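With mmCIF, C-alpha atoms inside, this is run12.cif:
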```cif
data_input
loop_
_atom_site.label_atom_id
_atom_site.label_comp_id
_atom_site.auth_asym_id
_atom_site.auth_seq_id
_atom_site.Cartn_x
_atom_site.Cartn_y
_atom_site.Cartn_z
CA MET A 1 0.00 0.00 0.00
CA ARG A 2 1.39 3.36 -1.01
CA ASN A 3 2.06 5.79 1.79
CA SER A 4 2.74 8.84 -0.32
CA LYS A 5 1.20 10.37 -3.39
CA PHE A 6 2.05 13.23 -5.75
CA GLN A 7 -0.36 15.38 -7.75
CA LEU A 8 0.46 18.07 -10.27
CA ASN A 9 -0.68 21.58 -9.43
CA TRP A 10 -2.92 22.83 -12.25
CA TYR A 11 -4.22 25.80 -10.29
CA GLN A 12 -3.45 29.47 -10.63
CA ALA A 13 -2.16 31.18 -7.49
CA ASN A 14 -5.39 33.18 -7.07
CA ASP A 15 -7.57 30.00 -7.07
CA THR A 16 -7.11 29.85 -3.29
CA ARG A 17 -10.56 28.44 -2.44
CA ALA A 18 -10.34 25.79 -5.18
CA ILE A 19 -6.94 24.63 -3.86
CA GLU A 20 -8.22 24.58 -0.27
CA GLN A 21 -11.26 22.51 -1.28
CA LYS A 22 -9.05 20.08 -3.19
CA LEU A 23 -6.76 19.60 -0.16
CA GLU A 24 -9.76 19.21 2.16
CA LYS A 25 -11.21 16.49 -0.10
CA MET A 26 -7.86 14.68 -0.12
CA ALA A 27 -7.68 14.88 3.71
CA ALA A 28 -11.18 13.41 3.96
CA ARG A 29 -9.88 10.46 1.91
CA GLY A 30 -6.87 10.07 4.21
CA TRP A 31 -4.25 11.97 2.22
CA LEU A 32 -2.64 14.78 4.20
CA LEU A 33 -0.56 17.36 2.41
CA GLU A 34 3.13 17.04 3.26
CA THR A 35 4.91 19.45 0.95
CA LEU A 36 4.30 21.81 -1.91
CA ASN A 37 6.87 22.46 -4.64
CA ASN A 38 7.05 24.01 -8.11
CA TRP A 39 5.39 20.95 -9.69
CA GLY A 40 2.62 20.14 -7.27
CA PHE A 41 1.48 18.60 -3.99
CA ARG A 42 2.99 15.63 -2.12
CA TYR A 43 0.70 13.83 0.33
CA ARG A 44 1.28 11.23 3.01
CA ARG A 45 -1.27 8.69 4.16
CA GLY A 46 -3.02 9.55 7.42
CA GLU A 47 -6.31 9.18 9.21
CA PRO A 48 -9.23 10.36 7.07
CA GLY A 49 -10.91 13.31 8.72
CA ALA A 50 -12.24 16.82 8.53
CA VAL A 51 -9.33 19.18 8.06
CA ARG A 52 -9.59 22.85 7.11
CA TYR A 53 -6.88 24.21 4.80
CA CYS A 54 -6.00 27.84 4.23
CA ILE A 55 -3.81 29.27 1.47
CA THR A 56 -2.18 32.60 2.23
CA TYR A 57 0.42 34.73 0.52
CA PHE A 58 3.56 36.24 1.97
CA PRO A 59 4.85 38.56 -0.79
CA GLU A 60 8.33 39.05 0.72
CA ALA A 61 9.14 35.33 0.39
CA SER A 62 10.89 34.00 -2.69
CA ILE A 63 11.09 30.61 -4.41
CA PHE A 64 14.87 30.95 -4.00
CA ASP A 65 14.67 30.88 -0.18
CA GLY A 66 16.14 27.70 1.29
CA SER A 67 13.99 27.96 4.42
CA LEU A 68 11.28 30.16 5.89
CA THR A 69 12.25 33.79 6.38
CA GLU A 70 12.13 35.31 9.87
CA GLY A 71 8.94 37.15 8.92
CA GLN A 72 7.32 33.92 7.73
CA GLN A 73 8.24 32.20 11.00
CA THR A 74 6.62 35.02 12.97
CA TYR A 75 3.56 34.80 10.70
CA ALA A 76 3.41 31.03 11.37
CA ASP A 77 3.65 31.70 15.13
CA TYR A 78 0.64 34.04 14.95
CA CYS A 79 -1.27 31.40 12.97
CA ALA A 80 -0.32 28.68 15.50
CA ALA A 81 -1.77 30.87 18.28
CA ALA A 82 -5.04 30.98 16.31
CA GLY A 83 -5.08 27.18 15.83
CA TRP A 84 -3.49 26.90 12.37
CA GLU A 85 -0.60 24.50 11.79
CA PHE A 86 1.96 25.49 9.16
CA VAL A 87 2.20 22.75 6.51
CA SER A 88 4.38 23.94 3.64
CA ALA A 89 5.39 26.94 1.56
CA TYR A 90 6.72 27.49 -1.91
CA GLY A 91 7.80 31.04 -2.67
CA PRO A 92 5.12 33.44 -1.41
CA MET A 93 2.44 30.72 -1.22
CA GLN A 94 1.92 29.25 2.26
CA ILE A 95 -0.40 26.45 3.33
CA PHE A 96 -1.86 26.05 6.82
CA ARG A 97 -4.32 23.53 8.21
CA SER A 98 -6.53 23.26 11.24
CA THR A 99 -8.54 20.46 12.76
CA ARG A 100 -10.66 22.91 14.77
CA GLU A 101 -14.30 22.99 13.73
CA ASP A 102 -14.51 26.73 13.31
CA PRO A 103 -11.04 28.29 13.49
CA THR A 104 -10.54 32.07 13.27
CA PRO A 105 -9.88 32.79 9.57
CA ILE A 106 -6.23 33.70 8.90
CA GLU A 107 -7.30 36.67 6.79
CA THR A 108 -10.08 38.82 8.23
CA ASP A 109 -9.48 41.85 6.01
CA GLU A 110 -10.27 41.24 2.34
CA GLY A 111 -8.31 44.33 1.26
CA GLU A 112 -5.12 43.07 2.93
CA LYS A 113 -5.71 39.60 1.48
CA LEU A 114 -6.17 40.90 -2.06
CA ALA A 115 -3.11 43.14 -1.77
CA ALA A 116 -0.96 40.18 -0.65
CA ILE A 117 -2.22 37.98 -3.51
CA HIS A 118 -1.64 40.73 -6.07
CA ARG A 119 1.88 41.56 -4.88
CA SER A 120 2.77 37.85 -4.90
CA MET A 121 1.25 37.30 -8.35
CA MET A 122 3.11 40.28 -9.80
CA LYS A 123 6.38 38.92 -8.40
CA THR A 124 5.83 35.37 -9.66
CA SER A 125 3.29 34.10 -12.21
CA VAL A 126 2.30 37.41 -13.82
CA GLY A 127 5.94 38.51 -14.18
CA VAL A 128 6.87 35.18 -15.79
CA TYR A 129 3.85 35.23 -18.14
CA ILE A 130 4.64 38.77 -19.30
CA MET A 131 8.27 37.79 -19.96
CA LEU A 132 7.17 34.67 -21.87
CA LEU A 133 4.63 36.66 -23.86
CA VAL A 134 7.29 39.17 -24.98
CA VAL A 135 9.74 36.40 -25.99
CA TRP A 136 7.10 34.38 -27.87
CA LEU A 137 5.65 37.47 -29.55
CA LEU A 138 9.15 38.25 -30.84
CA ASN A 139 9.50 34.66 -32.01
CA LEU A 140 6.11 34.84 -33.73
CA GLY A 141 7.00 38.16 -35.36
CA LEU A 142 10.29 36.77 -36.69
CA ARG A 143 8.63 33.68 -38.11
CA LEU A 144 5.82 35.66 -39.71
CA SER A 145 8.24 38.12 -41.34
CA HIS A 146 10.26 35.15 -42.61
CA PHE A 147 7.08 33.57 -43.97
CA VAL A 148 6.12 36.81 -45.76
CA LEU A 149 9.50 36.85 -47.52
CA GLU A 150 9.42 33.13 -48.31
CA PRO A 151 5.81 31.88 -48.22
CA GLN A 152 6.45 28.13 -47.98
CA PHE A 153 7.21 25.62 -45.27
CA GLN A 154 10.15 23.23 -45.52
CA ARG A 155 8.56 20.76 -43.14
CA THR A 156 5.05 20.06 -41.85
CA SER A 157 6.28 20.80 -38.33
CA ASP A 158 7.19 24.39 -39.43
CA LEU A 159 3.53 25.06 -40.25
CA PHE A 160 2.38 23.49 -37.00
CA PHE A 161 4.98 25.42 -35.05
CA LEU A 162 3.58 28.68 -36.43
CA ILE A 163 0.05 27.61 -35.41
CA PHE A 164 1.41 26.52 -32.04
CA LEU A 165 2.98 29.97 -31.57
CA PHE A 166 -0.39 31.63 -32.24
CA VAL A 167 -2.12 29.33 -29.75
CA PHE A 168 0.59 29.87 -27.11
CA VAL A 169 0.53 33.66 -27.47
CA ALA A 170 -3.30 33.60 -27.31
CA TYR A 171 -3.14 31.39 -24.21
CA LEU A 172 -0.67 33.66 -22.39
CA THR A 173 -2.75 36.72 -23.31
CA PHE A 174 -5.87 34.98 -22.01
CA VAL A 175 -4.22 33.97 -18.71
CA LEU A 176 -2.95 37.51 -18.10
CA ALA A 177 -6.27 39.12 -19.05
CA ASP A 178 -8.15 36.59 -16.92
CA TYR A 179 -6.01 37.45 -13.90
CA PHE A 180 -6.27 41.24 -14.30
CA VAL A 181 -10.04 41.09 -14.85
CA TRP A 182 -10.33 39.01 -11.67
CA TYR A 183 -8.09 41.44 -9.77
CA LEU A 184 -9.97 44.57 -10.87
CA ARG A 185 -13.38 43.01 -10.19
CA SER A 186 -12.19 41.77 -6.79
CA ARG A 187 -10.83 45.21 -5.94
CA ARG A 188 -14.17 46.80 -6.74
CA ALA A 189 -15.93 44.13 -4.66
CA VAL A 190 -13.61 44.77 -1.71
CA GLU A 191 -14.20 48.53 -2.01
CA ARG A 192 -17.94 47.79 -1.72
CA GLY A 193 -17.19 45.82 1.47
CA GLU A 194 -17.57 42.39 -0.15
CA SER A 195 -15.12 39.47 -0.40
CA CYS A 196 -12.58 38.77 -3.16
CA LEU A 197 -14.27 36.99 -6.07
CA GLN A 198 -13.78 33.33 -6.89
CA PRO A 199 -11.89 33.07 -10.20
CA GLN A 200 -13.75 31.53 -13.15
CA THR A 201 -11.87 28.26 -13.50
CA ARG A 202 -13.95 26.48 -16.17
CA LEU A 203 -12.93 28.67 -19.12
CA ARG A 204 -9.32 28.57 -17.94
CA PHE A 205 -9.49 24.76 -17.77
CA TRP A 206 -10.68 24.54 -21.38
CA MET A 207 -8.07 27.02 -22.53
CA SER A 208 -5.43 24.86 -20.83
CA MET A 209 -6.81 21.80 -22.63
CA VAL A 210 -6.54 23.60 -26.00
CA MET A 211 -2.97 24.55 -25.10
CA LEU A 212 -2.08 20.97 -24.15
CA GLY A 213 -3.68 19.74 -27.37
CA ALA A 214 -1.58 22.19 -29.37
CA CYS A 215 1.56 20.97 -27.57
CA ALA A 216 0.68 17.33 -28.35
CA VAL A 217 0.01 18.05 -32.05
CA MET A 218 3.25 20.03 -32.25
CA ALA A 219 5.24 17.20 -30.65
CA VAL A 220 3.69 14.53 -32.92
CA THR A 221 4.37 16.48 -36.14
CA PHE A 222 7.92 17.28 -35.02
CA VAL A 223 8.61 13.62 -34.19
CA SER A 224 7.10 12.42 -37.50
CA ASP A 225 9.29 14.89 -39.45
CA MET A 226 12.37 13.82 -37.55
CA LEU A 227 11.72 10.11 -38.06
CA GLU A 228 12.94 10.41 -41.64
CA PRO A 229 16.24 8.59 -42.22
CA GLY A 230 19.26 10.47 -40.91
CA LYS A 231 17.28 12.85 -38.69
CA GLY A 232 17.09 10.66 -35.60
CA TRP A 233 19.98 12.51 -33.94
CA ILE A 234 18.18 15.84 -34.27
CA LEU A 235 15.11 14.36 -32.58
CA LEU A 236 17.18 12.79 -29.84
CA TYR A 237 19.14 15.97 -29.25
CA SER A 238 16.07 18.24 -29.32
CA PHE A 239 14.25 16.38 -26.56
CA GLY A 240 17.25 14.95 -24.71
CA GLY A 241 19.12 18.25 -24.69
CA MET A 242 16.11 20.19 -23.45
CA ALA A 243 15.46 17.60 -20.74
CA ALA A 244 19.13 17.81 -19.69
CA VAL A 245 19.00 21.63 -19.46
CA ILE A 246 15.90 21.44 -17.26
CA ALA A 247 17.26 18.58 -15.13
CA ILE A 248 20.64 20.26 -14.50
CA SER A 249 19.20 23.72 -13.72
CA GLN A 250 16.46 22.28 -11.48
CA GLY A 251 18.94 19.91 -9.80
CA VAL A 252 21.35 22.74 -8.93
CA PHE A 253 18.43 24.97 -7.83
CA HIS A 254 17.07 22.36 -5.39
CA TRP A 255 20.55 21.38 -4.17
CA MET A 256 21.39 25.02 -3.33
CA LYS A 257 18.06 25.45 -1.53
CA ARG A 258 18.63 22.26 0.49
CA ARG A 259 22.15 23.38 1.43
CA GLY A 260 20.78 26.70 2.65
CA PHE A 261 22.54 29.06 0.24
CA SER A 262 21.32 32.65 0.37
CA ARG A 263 18.39 33.77 -1.79
CA GLY A 264 20.66 36.01 -3.89
CA ALA A 265 23.28 33.31 -4.52
CA THR A 266 20.67 30.69 -5.51
CA ARG A 267 18.91 33.13 -7.83
CA ALA A 268 22.16 34.29 -9.48
CA VAL A 269 23.52 30.75 -10.02
CA PHE A 270 20.16 29.53 -11.34
CA PHE A 271 19.78 32.33 -13.90
CA ILE A 272 23.42 32.16 -15.04
CA LEU A 273 23.14 28.39 -15.40
CA CYS A 274 19.90 28.66 -17.41
CA VAL A 275 21.42 31.22 -19.79
CA VAL A 276 24.73 29.35 -20.24
CA LEU A 277 23.07 25.95 -20.75
CA SER A 278 20.54 27.42 -23.20
CA ILE A 279 23.33 29.04 -25.24
CA ILE A 280 25.26 25.75 -25.33
CA TYR A 281 22.07 23.89 -26.28
CA ALA A 282 21.30 26.31 -29.13
CA ALA A 283 24.94 26.44 -30.31
CA LEU A 284 25.12 22.66 -30.63
CA ILE A 285 22.02 22.44 -32.88
CA PRO A 286 23.88 23.31 -36.15
CA LEU A 287 26.58 20.73 -35.28
CA ILE A 288 23.94 18.04 -34.79
CA ILE A 289 22.21 18.98 -38.07
CA LEU A 290 25.49 18.87 -40.00
CA ARG A 291 26.41 15.52 -38.48
CA VAL B 1 -0.50 53.66 -0.84
CA ALA B 2 -0.07 53.60 2.95
CA ARG B 3 -1.24 57.22 3.24
CA GLU B 4 -4.39 56.45 1.25
CA LYS B 5 -4.88 53.22 3.21
CA PHE B 6 -4.90 55.00 6.58
CA GLN B 7 -7.11 57.97 5.68
CA THR B 8 -9.72 56.33 7.85
CA LEU B 9 -9.18 53.27 10.03
CA THR B 10 -11.06 50.03 9.67
CA GLU B 11 -12.46 48.51 12.84
CA GLN B 12 -9.58 46.03 13.00
CA MET B 13 -6.97 48.79 12.55
CA PHE B 14 -8.67 50.87 15.24
CA TYR B 15 -8.65 48.09 17.82
CA ILE B 16 -5.06 47.03 17.11
CA LEU B 17 -3.91 50.61 17.77
CA LEU B 18 -6.16 50.82 20.82
CA ALA B 19 -4.68 47.56 22.14
CA LEU B 20 -1.19 48.99 21.74
CA ARG B 21 -1.73 51.97 24.06
CA THR B 22 0.18 49.70 26.42
CA GLU B 23 3.04 47.53 25.19
CA CYS B 24 1.92 44.14 23.90
CA CYS B 25 3.49 41.15 22.18
CA GLY B 26 2.28 40.77 18.58
CA VAL B 27 0.84 37.33 19.06
CA ASP B 28 -1.15 38.44 22.16
CA ILE B 29 -2.91 41.31 20.36
CA MET B 30 -5.52 38.94 18.88
CA GLU B 31 -6.58 37.86 22.37
CA ARG B 32 -6.42 41.37 23.79
CA VAL B 33 -8.75 42.71 21.07
CA ARG B 34 -11.12 39.80 21.57
CA GLU B 35 -11.29 40.60 25.31
CA MET B 36 -11.61 44.36 24.75
CA THR B 37 -14.58 43.87 22.43
CA GLU B 38 -16.05 40.84 24.22
CA GLY B 39 -15.56 38.74 21.09
CA ARG B 40 -17.27 41.21 18.74
CA VAL B 41 -14.08 42.00 16.77
CA VAL B 42 -11.90 39.10 15.68
CA ILE B 43 -8.55 39.67 13.99
CA GLY B 44 -7.04 36.89 11.90
CA PRO B 45 -3.33 36.18 12.37
CA GLY B 46 -2.44 36.97 8.75
CA THR B 47 -4.29 40.28 8.85
CA LEU B 48 -2.65 41.12 12.18
CA TYR B 49 0.82 40.42 10.80
CA SER B 50 0.38 42.59 7.71
CA LEU B 51 -1.27 45.44 9.63
CA LEU B 52 1.52 45.49 12.23
CA GLU B 53 4.09 45.68 9.40
CA SER B 54 2.17 48.56 7.79
CA PHE B 55 1.78 50.41 11.11
CA VAL B 56 5.53 50.16 11.80
CA GLU B 57 6.27 51.38 8.25
CA GLU B 58 3.85 54.30 8.73
CA GLY B 59 5.35 55.22 12.12
CA PHE B 60 2.13 54.55 14.09
CA ILE B 61 3.78 51.95 16.32
CA HIS B 62 7.31 50.79 17.08
CA GLU B 63 8.99 47.62 18.19
CA THR B 64 9.79 47.78 21.90
CA LYS B 65 11.24 44.36 22.61
CA VAL B 66 12.45 41.30 20.70
CA GLU B 67 12.69 37.99 22.58
CA GLY B 68 13.49 35.25 20.08
CA ARG B 69 10.66 35.50 17.60
CA ARG B 70 8.36 37.29 20.05
CA ARG B 71 8.18 40.96 19.14
CA SER B 72 6.43 43.52 21.29
CA TYR B 73 5.00 46.79 20.05
CA ALA B 74 3.66 50.06 21.47
CA LEU B 75 1.88 53.10 20.09
CA MET B 76 3.92 56.12 18.93
CA VAL B 77 2.78 59.76 18.93
CA LYS B 78 1.69 59.55 15.29
CA GLY B 79 -0.37 56.45 16.04
CA ARG B 80 -1.95 58.09 19.11
CA LEU B 81 -2.92 61.13 17.01
CA LYS B 82 -4.40 58.87 14.34
CA LEU B 83 -6.40 57.02 16.97
CA GLU B 84 -7.73 60.30 18.40
CA GLU B 85 -8.59 61.57 14.91
CA GLU B 86 -10.52 58.38 14.27
CA TYR B 87 -12.26 58.69 17.65
CA ARG B 88 -13.41 62.23 16.76
CA ARG B 89 -14.61 61.02 13.37
CA ILE B 90 -16.68 58.26 14.99
CA LEU B 91 -18.08 60.77 17.54
CA GLN B 92 -19.02 63.10 14.72
CA GLN B 93 -20.81 60.26 12.95
CA ALA B 94 -22.68 59.42 16.17
CA GLU B 95 -23.56 63.08 16.64
CA ASP B 96 -24.81 63.37 13.04
CA TYR B 97 -26.88 60.24 13.49
CA ARG B 98 -28.42 61.55 16.73
CA ARG B 99 -29.20 64.97 15.21
CA LEU B 100 -30.67 63.59 11.99
CA GLY B 101 -32.45 60.81 13.85
CA LYS B 102 -34.17 63.44 16.04
CA GLU B 103 -35.19 65.41 12.97
CA ASP B 104 -36.69 62.23 11.47
CA ALA B 105 -38.58 61.56 14.70
CA VAL B 106 -40.07 65.11 14.61
#
```
Would you put the structure from the file into C-alpha cells?
Amino acid sequence: MRNSKFQLNWYQANDTRAIEQKLEKMAARGWLLETLNNWGFRYRRGEPGAVRYCITYFPEASIFDGSLTEGQQTYADYCAAAGWEFVSAYGPMQIFRSTREDPTPIETDEGEKLAAIHRSMMKTSVGVYIMLLVVWLLNLGLRLSHFVLEPQFQRTSDLFFLIFLFVFVAYLTFVLADYFVWYLRSRRAVERGESCLQPQTRLRFWMSMVMLGACAVMAVTFVSDMLEPGKGWILLYSFGGMAAVIAISQGVFHWMKRRGFSRGATRAVFFILCVVLSIIYAALIPLIILR
Amino acid sequence: VAREKFQTLTEQMFYILLALRTECCGVDIMERVREMTEGRVVIGPGTLYSLLESFVEEGFIHETKVEGRRRSYALMVKGRLKLEEEYRRILQQAEDYRRLGKEDAV
C-alpha cells in the first residue's frame, strides 16, 4: 500500500478556495498534504478526517529561499496561536491547516488579502507570463516576417509550429487578461465591502486543454518529421538536450536550496546556469544537423 | 498607498492601535482585542501580521522588545494622534446620526 502520493498543481495562485477545497477532499480520503513544490502537492497517508486548509500569501518570500524567512516564521507563530498549523510553503504561497471545527480565519481583512495575492502574483506568475509573452511574440513576429518573404514551409512541423505559436501567445494573453479582470473586479468588490471573487476556472481549464492539445500536435508532427532517415539525432538531441538543461538547472536549484545558500546566490547561479546551458544547447544544434 | 490606506481606520486597525496603548506582544494582540470587544471584533493572524508591518512602516507603532521571535510593540505619537482623529470622526458620525435621527422623529 502506497504511503505517499504526488499530484500536479494545475491551479493558478489566485484560485485559493479551489486549492483549499481540493486539499480538504484529499484529507477526507486520508491523504494529508506534506509538501508543496514548483510541480505540485505531495501527500502522506493519514487518518481520514475533517481538516480545514487555508492558502495565504507572503509577498516578501521568494522561491529561491532555502527555508522560511524570519517574517514567515513570525507569521506562522501568529497562525499557530489561532489554531493553524503550518504545513508547507513554496515562494510566497503558504499552506496552513486546522482540525478545529470553526477556526478564526487567517485573513479577516479582504483588502489586505487581495493586496498580498496581487503583490505575490506580480512577483511570480504574472511577471513570468509577461516575460514569456514578450519572448514568444518576438519569435512569432520573426517567423511571420520570414514567412512573408518566403511563403512556404520546408517541413510540416514548421507550419504546426507557427500555429502553435499563435495558440501559445493567445493562451498567455488569455491567462494575463483573466487574472487582471479578476483582480480589478475583486478590488471593486472589496471597495464595496464584499469578499474577493472566486476566479472563473472552467474557461481557464478549457483554454489549458486547448494549449495541451496544441503541444501534443506540435510534438507529434515534429517527431514524425524527424523520423525520416538520418534525422534521428536531431530528434534525440532536441528532446534529450532540453530535458538535460531542465534537469541540471532544477537539480542545482534544489541542491542550493537544500544546502541553505542565500536567496541572492541561488537566484544568481540559477539564472546564469539557465542562460549558459541554453546558449550551449542552441549552439550545438547546427553541429547536430550537419552531423 | 499607505497614506491612502490610513485615511480612515477600519475597525480592525482601530482596535489594534487601541490595544497597543500599552506595550503588547504581537501574538497576544488577537486575544487582547477579543477581550476588549467581548468577542465582537476578531482579527485573523495573517491580517494582524500585515497590519503590524504597515503600522511600523507608517510610524504609528514601534517595536519595543524582541525575545526570540516574540516581538512587542507600542503606540507612537503619530499612532496616538491617528487614533484620536478616528475617535473624533466616529463621535461626529454618532452626533450626526443623533441629530438627523431626532429630525426624522419630529
Test item: chain B residues at most 8 Å from chain A, counting only C-alpha atoms, as a PDB file with C-alpha atoms, in the coordinates of the input:
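Written file, iface_26.pdb:
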```
ATOM      1  CA  GLY B  26       2.280  40.770  18.580  1.00  0.00           C
ATOM      2  CA  VAL B  27       0.840  37.330  19.060  1.00  0.00           C
ATOM      3  CA  VAL B  42     -11.900  39.100  15.680  1.00  0.00           C
ATOM      4  CA  ILE B  43      -8.550  39.670  13.990  1.00  0.00           C
ATOM      5  CA  GLY B  44      -7.040  36.890  11.900  1.00  0.00           C
ATOM      6  CA  PRO B  45      -3.330  36.180  12.370  1.00  0.00           C
ATOM      7  CA  GLY B  46      -2.440  36.970   8.750  1.00  0.00           C
ATOM      8  CA  THR B  47      -4.290  40.280   8.850  1.00  0.00           C
ATOM      9  CA  TYR B  49       0.820  40.420  10.800  1.00  0.00           C
ATOM     10  CA  SER B  50       0.380  42.590   7.710  1.00  0.00           C
ATOM     11  CA  ARG B  69      10.660  35.500  17.600  1.00  0.00           C
ATOM     12  CA  ARG B  70       8.360  37.290  20.050  1.00  0.00           C
TER      13      ARG B  70
END
```
Under the PyMOL selection byres ((chain A and resi 131-136) around 12), which residues of this model are included? Write them out as a PDB file with C-alpha atoms, keeping the file's coordinate frame.
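Once everything was written out, this is expr37.pdb:
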```pdb
ATOM      1  CA  MET A 122       3.110  40.280  -9.800  1.00  0.00           C
ATOM      2  CA  LYS A 123       6.380  38.920  -8.400  1.00  0.00           C
ATOM      3  CA  THR A 124       5.830  35.370  -9.660  1.00  0.00           C
ATOM      4  CA  SER A 125       3.290  34.100 -12.210  1.00  0.00           C
ATOM      5  CA  VAL A 126       2.300  37.410 -13.820  1.00  0.00           C
ATOM      6  CA  GLY A 127       5.940  38.510 -14.180  1.00  0.00           C
ATOM      7  CA  VAL A 128       6.870  35.180 -15.790  1.00  0.00           C
ATOM      8  CA  TYR A 129       3.850  35.230 -18.140  1.00  0.00           C
ATOM      9  CA  ILE A 130       4.640  38.770 -19.300  1.00  0.00           C
ATOM     10  CA  LEU A 137       5.650  37.470 -29.550  1.00  0.00           C
ATOM     11  CA  LEU A 138       9.150  38.250 -30.840  1.00  0.00           C
ATOM     12  CA  ASN A 139       9.500  34.660 -32.010  1.00  0.00           C
ATOM     13  CA  LEU A 140       6.110  34.840 -33.730  1.00  0.00           C
ATOM     14  CA  GLY A 141       7.000  38.160 -35.360  1.00  0.00           C
ATOM     15  CA  LEU A 142      10.290  36.770 -36.690  1.00  0.00           C
ATOM     16  CA  ARG A 143       8.630  33.680 -38.110  1.00  0.00           C
ATOM     17  CA  LEU A 144       5.820  35.660 -39.710  1.00  0.00           C
ATOM     18  CA  PHE A 161       4.980  25.420 -35.050  1.00  0.00           C
ATOM     19  CA  LEU A 162       3.580  28.680 -36.430  1.00  0.00           C
ATOM     20  CA  PHE A 164       1.410  26.520 -32.040  1.00  0.00           C
ATOM     21  CA  LEU A 165       2.980  29.970 -31.570  1.00  0.00           C
ATOM     22  CA  PHE A 166      -0.390  31.630 -32.240  1.00  0.00           C
ATOM     23  CA  VAL A 167      -2.120  29.330 -29.750  1.00  0.00           C
ATOM     24  CA  PHE A 168       0.590  29.870 -27.110  1.00  0.00           C
ATOM     25  CA  VAL A 169       0.530  33.660 -27.470  1.00  0.00           C
ATOM     26  CA  ALA A 170      -3.300  33.600 -27.310  1.00  0.00           C
ATOM     27  CA  TYR A 171      -3.140  31.390 -24.210  1.00  0.00           C
ATOM     28  CA  LEU A 172      -0.670  33.660 -22.390  1.00  0.00           C
ATOM     29  CA  THR A 173      -2.750  36.720 -23.310  1.00  0.00           C
ATOM     30  CA  PHE A 174      -5.870  34.980 -22.010  1.00  0.00           C
ATOM     31  CA  VAL A 175      -4.220  33.970 -18.710  1.00  0.00           C
ATOM     32  CA  LEU A 176      -2.950  37.510 -18.100  1.00  0.00           C
TER      33      LEU A 176
END
```
For CA of Leu149 (chain A) and CA of Ile289 (chain A), the interatomic separation in Å (one decimal):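 Here the two named atoms are 23.9 Å from each other.
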Do you know which residues lie at most 9 Å from (18.4, 25.9, -6.2), with coordinates as in the file and all atoms listed in the file counted, and could you write them as a PDB file with C-alpha atoms, keeping the file's coordinate frame?
```
ATOM      1  CA  ILE A  63      11.090  30.610  -4.410  1.00  0.00           C
ATOM      2  CA  PHE A  64      14.870  30.950  -4.000  1.00  0.00           C
ATOM      3  CA  ASP A  65      14.670  30.880  -0.180  1.00  0.00           C
ATOM      4  CA  GLY A  66      16.140  27.700   1.290  1.00  0.00           C
ATOM      5  CA  SER A 249      19.200  23.720 -13.720  1.00  0.00           C
ATOM      6  CA  GLN A 250      16.460  22.280 -11.480  1.00  0.00           C
ATOM      7  CA  GLY A 251      18.940  19.910  -9.800  1.00  0.00           C
ATOM      8  CA  VAL A 252      21.350  22.740  -8.930  1.00  0.00           C
ATOM      9  CA  PHE A 253      18.430  24.970  -7.830  1.00  0.00           C
ATOM     10  CA  HIS A 254      17.070  22.360  -5.390  1.00  0.00           C
ATOM     11  CA  TRP A 255      20.550  21.380  -4.170  1.00  0.00           C
ATOM     12  CA  MET A 256      21.390  25.020  -3.330  1.00  0.00           C
ATOM     13  CA  LYS A 257      18.060  25.450  -1.530  1.00  0.00           C
ATOM     14  CA  ARG A 258      18.630  22.260   0.490  1.00  0.00           C
ATOM     15  CA  ARG A 259      22.150  23.380   1.430  1.00  0.00           C
ATOM     16  CA  PHE A 261      22.540  29.060   0.240  1.00  0.00           C
ATOM     17  CA  THR A 266      20.670  30.690  -5.510  1.00  0.00           C
ATOM     18  CA  ARG A 267      18.910  33.130  -7.830  1.00  0.00           C
ATOM     19  CA  VAL A 269      23.520  30.750 -10.020  1.00  0.00           C
ATOM     20  CA  PHE A 270      20.160  29.530 -11.340  1.00  0.00           C
TER      21      PHE A 270
END
```
Using all atoms listed in the file: which of B:Arg88, B:Lys102, B:Tyr73, B:Arg40 has the shortest distance to Ile16 (chain B): B:Tyr73
10 Å contact set for region 199-207 of chain A, only C-alpha atoms, chain neighbours under 6 positions out, as a ChimeraX atom specification: /A:10-12,14-18,167,170-172,174-175,178-179,181-183,186,213
Of the listed residues A:Arg52, A:Lys231, A:Arg97, A:Arg185, that which approaches Leu197 (chain A) most closely, counting only C-alpha atoms: A:Arg185
Pairwise distance for CA of Met93 (chain A) and CA of Ala244 (chain A), rounded to one decimal in Å: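 These atoms are spaced 28.0 Å apart.
What separates CA of Trp31 (chain A) from CA of Asp102 (chain A) is a distance of 21.1 Å.
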Non-local contacts of Trp39 (chain A) (10 Å; all atoms listed in the file; under 2 positions in same chain excluded) as a list in words: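 Within the cut-off, the hits are Phe6, Gln7, Leu8, Asn9, Trp10, Leu36, Asn37, Phe41 and Arg42 of chain A.
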Residues returned when the PyMOL selection byres ((chain B and resi 62-66) around 12) runs on this file, as a ChimeraX atom specification: /A:74 /B:17,20-26,52-61,67-80
Resulting file, chosen residues, C-alpha atoms, as a CSV table (one decimal), in the coordinates of the input:
```csv
chain,number,residue,atom,x,y,z
A,74,THR,CA,6.6,35.0,13.0
B,17,LEU,CA,-3.9,50.6,17.8
B,20,LEU,CA,-1.2,49.0,21.7
B,21,ARG,CA,-1.7,52.0,24.1
B,22,THR,CA,0.2,49.7,26.4
B,23,GLU,CA,3.0,47.5,25.2
B,24,CYS,CA,1.9,44.1,23.9
B,25,CYS,CA,3.5,41.2,22.2
B,26,GLY,CA,2.3,40.8,18.6
B,52,LEU,CA,1.5,45.5,12.2
B,53,GLU,CA,4.1,45.7,9.4
B,54,SER,CA,2.2,48.6,7.8
B,55,PHE,CA,1.8,50.4,11.1
B,56,VAL,CA,5.5,50.2,11.8
B,57,GLU,CA,6.3,51.4,8.2
B,58,GLU,CA,3.8,54.3,8.7
B,59,GLY,CA,5.4,55.2,12.1
B,60,PHE,CA,2.1,54.6,14.1
B,61,ILE,CA,3.8,52.0,16.3
B,67,GLU,CA,12.7,38.0,22.6
B,68,GLY,CA,13.5,35.2,20.1
B,69,ARG,CA,10.7,35.5,17.6
B,70,ARG,CA,8.4,37.3,20.0
B,71,ARG,CA,8.2,41.0,19.1
B,72,SER,CA,6.4,43.5,21.3
B,73,TYR,CA,5.0,46.8,20.0
B,74,ALA,CA,3.7,50.1,21.5
B,75,LEU,CA,1.9,53.1,20.1
B,76,MET,CA,3.9,56.1,18.9
B,77,VAL,CA,2.8,59.8,18.9
B,78,LYS,CA,1.7,59.6,15.3
B,79,GLY,CA,-0.4,56.4,16.0
B,80,ARG,CA,-2.0,58.1,19.1
```
